[in-house]
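For reference, target_0.pdb (PDB, C-alpha atoms):
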```pdb
ATOM      1  CA  CYS A  30      99.214  68.805 134.131  1.00  0.00           C
ATOM      2  CA  SER A  31      98.961  71.550 136.765  1.00  0.00           C
ATOM      3  CA  SER A  32     102.353  73.296 136.567  1.00  0.00           C
ATOM      4  CA  ASP A  33     100.674  76.248 134.815  1.00  0.00           C
ATOM      5  CA  LEU A  34      98.302  76.591 137.771  1.00  0.00           C
ATOM      6  CA  CYS A  35     101.164  76.532 140.289  1.00  0.00           C
ATOM      7  CA  ARG A  36     102.998  79.211 138.321  1.00  0.00           C
ATOM      8  CA  HIS A  37      99.911  81.477 138.278  1.00  0.00           C
ATOM      9  CA  ILE A  38      99.271  81.041 141.991  1.00  0.00           C
ATOM     10  CA  SER A  39     102.933  81.586 142.840  1.00  0.00           C
ATOM     11  CA  VAL A  40     103.012  84.796 140.795  1.00  0.00           C
ATOM     12  CA  TYR A  41      99.768  85.960 142.390  1.00  0.00           C
ATOM     13  CA  SER A  42     101.110  85.182 145.877  1.00  0.00           C
ATOM     14  CA  MET A  43     104.287  87.207 145.243  1.00  0.00           C
ATOM     15  CA  TYR A  44     102.147  89.971 143.761  1.00  0.00           C
ATOM     16  CA  THR A  45      99.862  90.210 146.786  1.00  0.00           C
ATOM     17  CA  GLU A  46     102.804  90.007 149.204  1.00  0.00           C
ATOM     18  CA  ASP A  47     104.589  92.837 147.392  1.00  0.00           C
ATOM     19  CA  ARG A  48     101.366  94.841 147.275  1.00  0.00           C
ATOM     20  CA  ASN A  49     100.771  94.400 150.994  1.00  0.00           C
ATOM     21  CA  ASN A  50     104.335  95.403 151.825  1.00  0.00           C
ATOM     22  CA  ARG A  51     104.125  98.665 149.896  1.00  0.00           C
ATOM     23  CA  LYS A  52     100.616  99.602 151.064  1.00  0.00           C
ATOM     24  CA  GLN A  53     100.101 101.745 147.971  1.00  0.00           C
ATOM     25  CA  GLU A  54      96.713 102.483 146.515  1.00  0.00           C
ATOM     26  CA  GLU A  55      97.135 101.860 142.808  1.00  0.00           C
ATOM     27  CA  ASN A  56      95.088 100.116 140.157  1.00  0.00           C
ATOM     28  CA  TYR A  57      95.689  96.459 140.987  1.00  0.00           C
ATOM     29  CA  MET A  58      93.586  93.452 140.173  1.00  0.00           C
ATOM     30  CA  THR A  59      90.584  92.874 142.410  1.00  0.00           C
ATOM     31  CA  ASP A  60      91.567  91.609 145.834  1.00  0.00           C
ATOM     32  CA  ILE A  61      91.024  87.885 146.223  1.00  0.00           C
ATOM     33  CA  SER A  62      90.917  86.545 149.757  1.00  0.00           C
ATOM     34  CA  VAL A  63      93.185  83.694 150.745  1.00  0.00           C
ATOM     35  CA  LEU A  64      90.147  81.429 151.056  1.00  0.00           C
ATOM     36  CA  ASP A  65      88.952  82.407 147.566  1.00  0.00           C
ATOM     37  CA  LEU A  66      92.433  81.764 146.202  1.00  0.00           C
ATOM     38  CA  GLN A  67      92.532  78.327 147.855  1.00  0.00           C
ATOM     39  CA  ASN A  68      89.078  77.510 146.491  1.00  0.00           C
ATOM     40  CA  LEU A  69      90.123  78.590 143.000  1.00  0.00           C
ATOM     41  CA  ARG A  70      93.252  76.455 143.218  1.00  0.00           C
ATOM     42  CA  HIS A  71      91.175  73.465 144.304  1.00  0.00           C
ATOM     43  CA  LEU A  72      88.577  73.929 141.561  1.00  0.00           C
ATOM     44  CA  ILE A  73      91.141  74.585 138.823  1.00  0.00           C
ATOM     45  CA  GLY A  74      93.096  71.514 139.867  1.00  0.00           C
ATOM     46  CA  GLY A  75      89.925  69.441 139.805  1.00  0.00           C
ATOM     47  CA  PHE A  76      89.014  70.614 136.314  1.00  0.00           C
ATOM     48  CA  GLU A  77      92.580  69.944 135.151  1.00  0.00           C
ATOM     49  CA  THR A  78      92.387  66.404 136.522  1.00  0.00           C
ATOM     50  CA  THR A  79      88.976  65.870 134.944  1.00  0.00           C
ATOM     51  CA  HIS A  80      90.240  67.183 131.599  1.00  0.00           C
ATOM     52  CA  CYS A  81      93.210  64.783 131.634  1.00  0.00           C
ATOM     53  CA  LYS A  82      91.087  61.789 132.650  1.00  0.00           C
ATOM     54  CA  MET A  83      88.378  62.475 130.082  1.00  0.00           C
ATOM     55  CA  GLN A  84      91.008  62.752 127.344  1.00  0.00           C
ATOM     56  CA  ASP A  85      92.460  59.408 128.410  1.00  0.00           C
ATOM     57  CA  TYR A  86      89.016  57.795 128.509  1.00  0.00           C
ATOM     58  CA  ALA A  87      88.188  59.198 125.051  1.00  0.00           C
ATOM     59  CA  HIS A  88      91.453  57.826 123.692  1.00  0.00           C
ATOM     60  CA  GLU A  89      90.640  54.353 125.029  1.00  0.00           C
ATOM     61  CA  ALA A  90      86.942  54.308 124.056  1.00  0.00           C
ATOM     62  CA  GLN A  91      85.929  51.984 121.236  1.00  0.00           C
ATOM     63  CA  ASP A  92      82.327  53.116 120.811  1.00  0.00           C
ATOM     64  CA  PRO A  93      82.068  56.368 118.797  1.00  0.00           C
ATOM     65  CA  GLN A  94      79.287  57.759 121.004  1.00  0.00           C
ATOM     66  CA  VAL A  95      81.216  57.039 124.175  1.00  0.00           C
ATOM     67  CA  LYS A  96      84.375  58.531 122.637  1.00  0.00           C
ATOM     68  CA  GLN A  97      82.428  61.689 121.682  1.00  0.00           C
ATOM     69  CA  PHE A  98      80.948  61.951 125.174  1.00  0.00           C
ATOM     70  CA  PHE A  99      84.395  61.858 126.784  1.00  0.00           C
ATOM     71  CA  GLN A 100      85.802  64.334 124.250  1.00  0.00           C
ATOM     72  CA  LYS A 101      82.990  66.788 124.996  1.00  0.00           C
ATOM     73  CA  SER A 102      83.487  66.288 128.720  1.00  0.00           C
ATOM     74  CA  ALA A 103      87.218  66.958 128.362  1.00  0.00           C
ATOM     75  CA  GLN A 104      86.528  70.141 126.393  1.00  0.00           C
ATOM     76  CA  SER A 105      83.993  71.317 128.972  1.00  0.00           C
ATOM     77  CA  ALA A 106      86.443  70.748 131.825  1.00  0.00           C
ATOM     78  CA  LEU A 107      89.151  72.644 129.928  1.00  0.00           C
ATOM     79  CA  GLU A 108      86.818  75.596 129.298  1.00  0.00           C
ATOM     80  CA  SER A 109      85.787  75.682 132.965  1.00  0.00           C
ATOM     81  CA  LYS A 110      89.436  75.654 134.026  1.00  0.00           C
ATOM     82  CA  GLN A 111      90.227  78.503 131.612  1.00  0.00           C
ATOM     83  CA  GLN A 112      87.338  80.585 132.940  1.00  0.00           C
ATOM     84  CA  LEU A 113      88.550  80.164 136.515  1.00  0.00           C
ATOM     85  CA  MET A 114      92.155  80.968 135.508  1.00  0.00           C
ATOM     86  CA  LYS A 115      90.943  84.408 134.389  1.00  0.00           C
ATOM     87  CA  PHE A 116      90.508  85.323 138.063  1.00  0.00           C
ATOM     88  CA  LEU A 117      94.276  84.886 138.514  1.00  0.00           C
ATOM     89  CA  GLN A 118      95.266  87.227 135.685  1.00  0.00           C
TER      90      GLN A 118
END
```

Spit out the file's structure as structure tokens when you get a sec.
Amino acid sequence: CSSDLCRHISVYSMYTEDRNNRKQEENYMTDISVLDLQNLRHLIGGFETTHCKMQDYAHEAQDPQVKQFFQKSAQSALESKQQLMKFLQ
């Protein structure tokens, strides 16, 4: 579920390393501290896990209201993950 996240973080890590090595002042994305990057990774991973679990729960639910609740929760987690991923682009 989280291979996309790992790819984004890996690309960002190479990007910041290359940027630091060159020490050039160009128009790069906003600097994100290592702590912020770790926090983003943690939050994105959590939302990815929640999204996957809620989809599974919705698939297994028999009651239509319960199924709808889990589907909405899965969609909300996915949207939150996508919003956080924007910080890595």

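The spacing separating CA of Leu107 (chain A) from CA of Thr79 (chain A) amounts to 8.4 Å.
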
How many Å lie between CA of Ile61 (chain A) and CA of Gln104 (chain A), rounded to one decimal?
27.0 Å

Written as an NGL selection string, what is the full residue list that the PyMOL selection byres ((chain A and resi 81-86) around 8) yields on the file shown?
:A and (30 or 77-80 or 87-90 or 96 or 99-100 or 102-103)

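Residues matched by the PyMOL selection byres ((chain A and resi 71) around 12) in this file: A:Ser31, A:Leu34, A:Cys35, A:Ile38, A:Leu64, A:Asp65, A:Leu66, A:Gln67, A:Asn68, A:Leu69, A:Arg70, A:Leu72, A:Ile73, A:Gly74, A:Gly75, A:Phe76, A:Glu77, A:Thr78, A:Lys110, A:Leu113, A:Met114.
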
State, in Å with one decimal place, the distance from CA of Ser105 (chain A) to CA of Pro93 (chain A).
18.2 Å

Quick one: 3 Å padding each side, axis-aligned, all listed atoms of region 63-78 of chain A - centre and edge lengths in Å to one decimal, as AutoDock Vina command-line options?
```
--center_x 90.9 --center_y 75.0 --center_z 143.1 --size_x 10.7 --size_y 23.3 --size_z 21.9
```
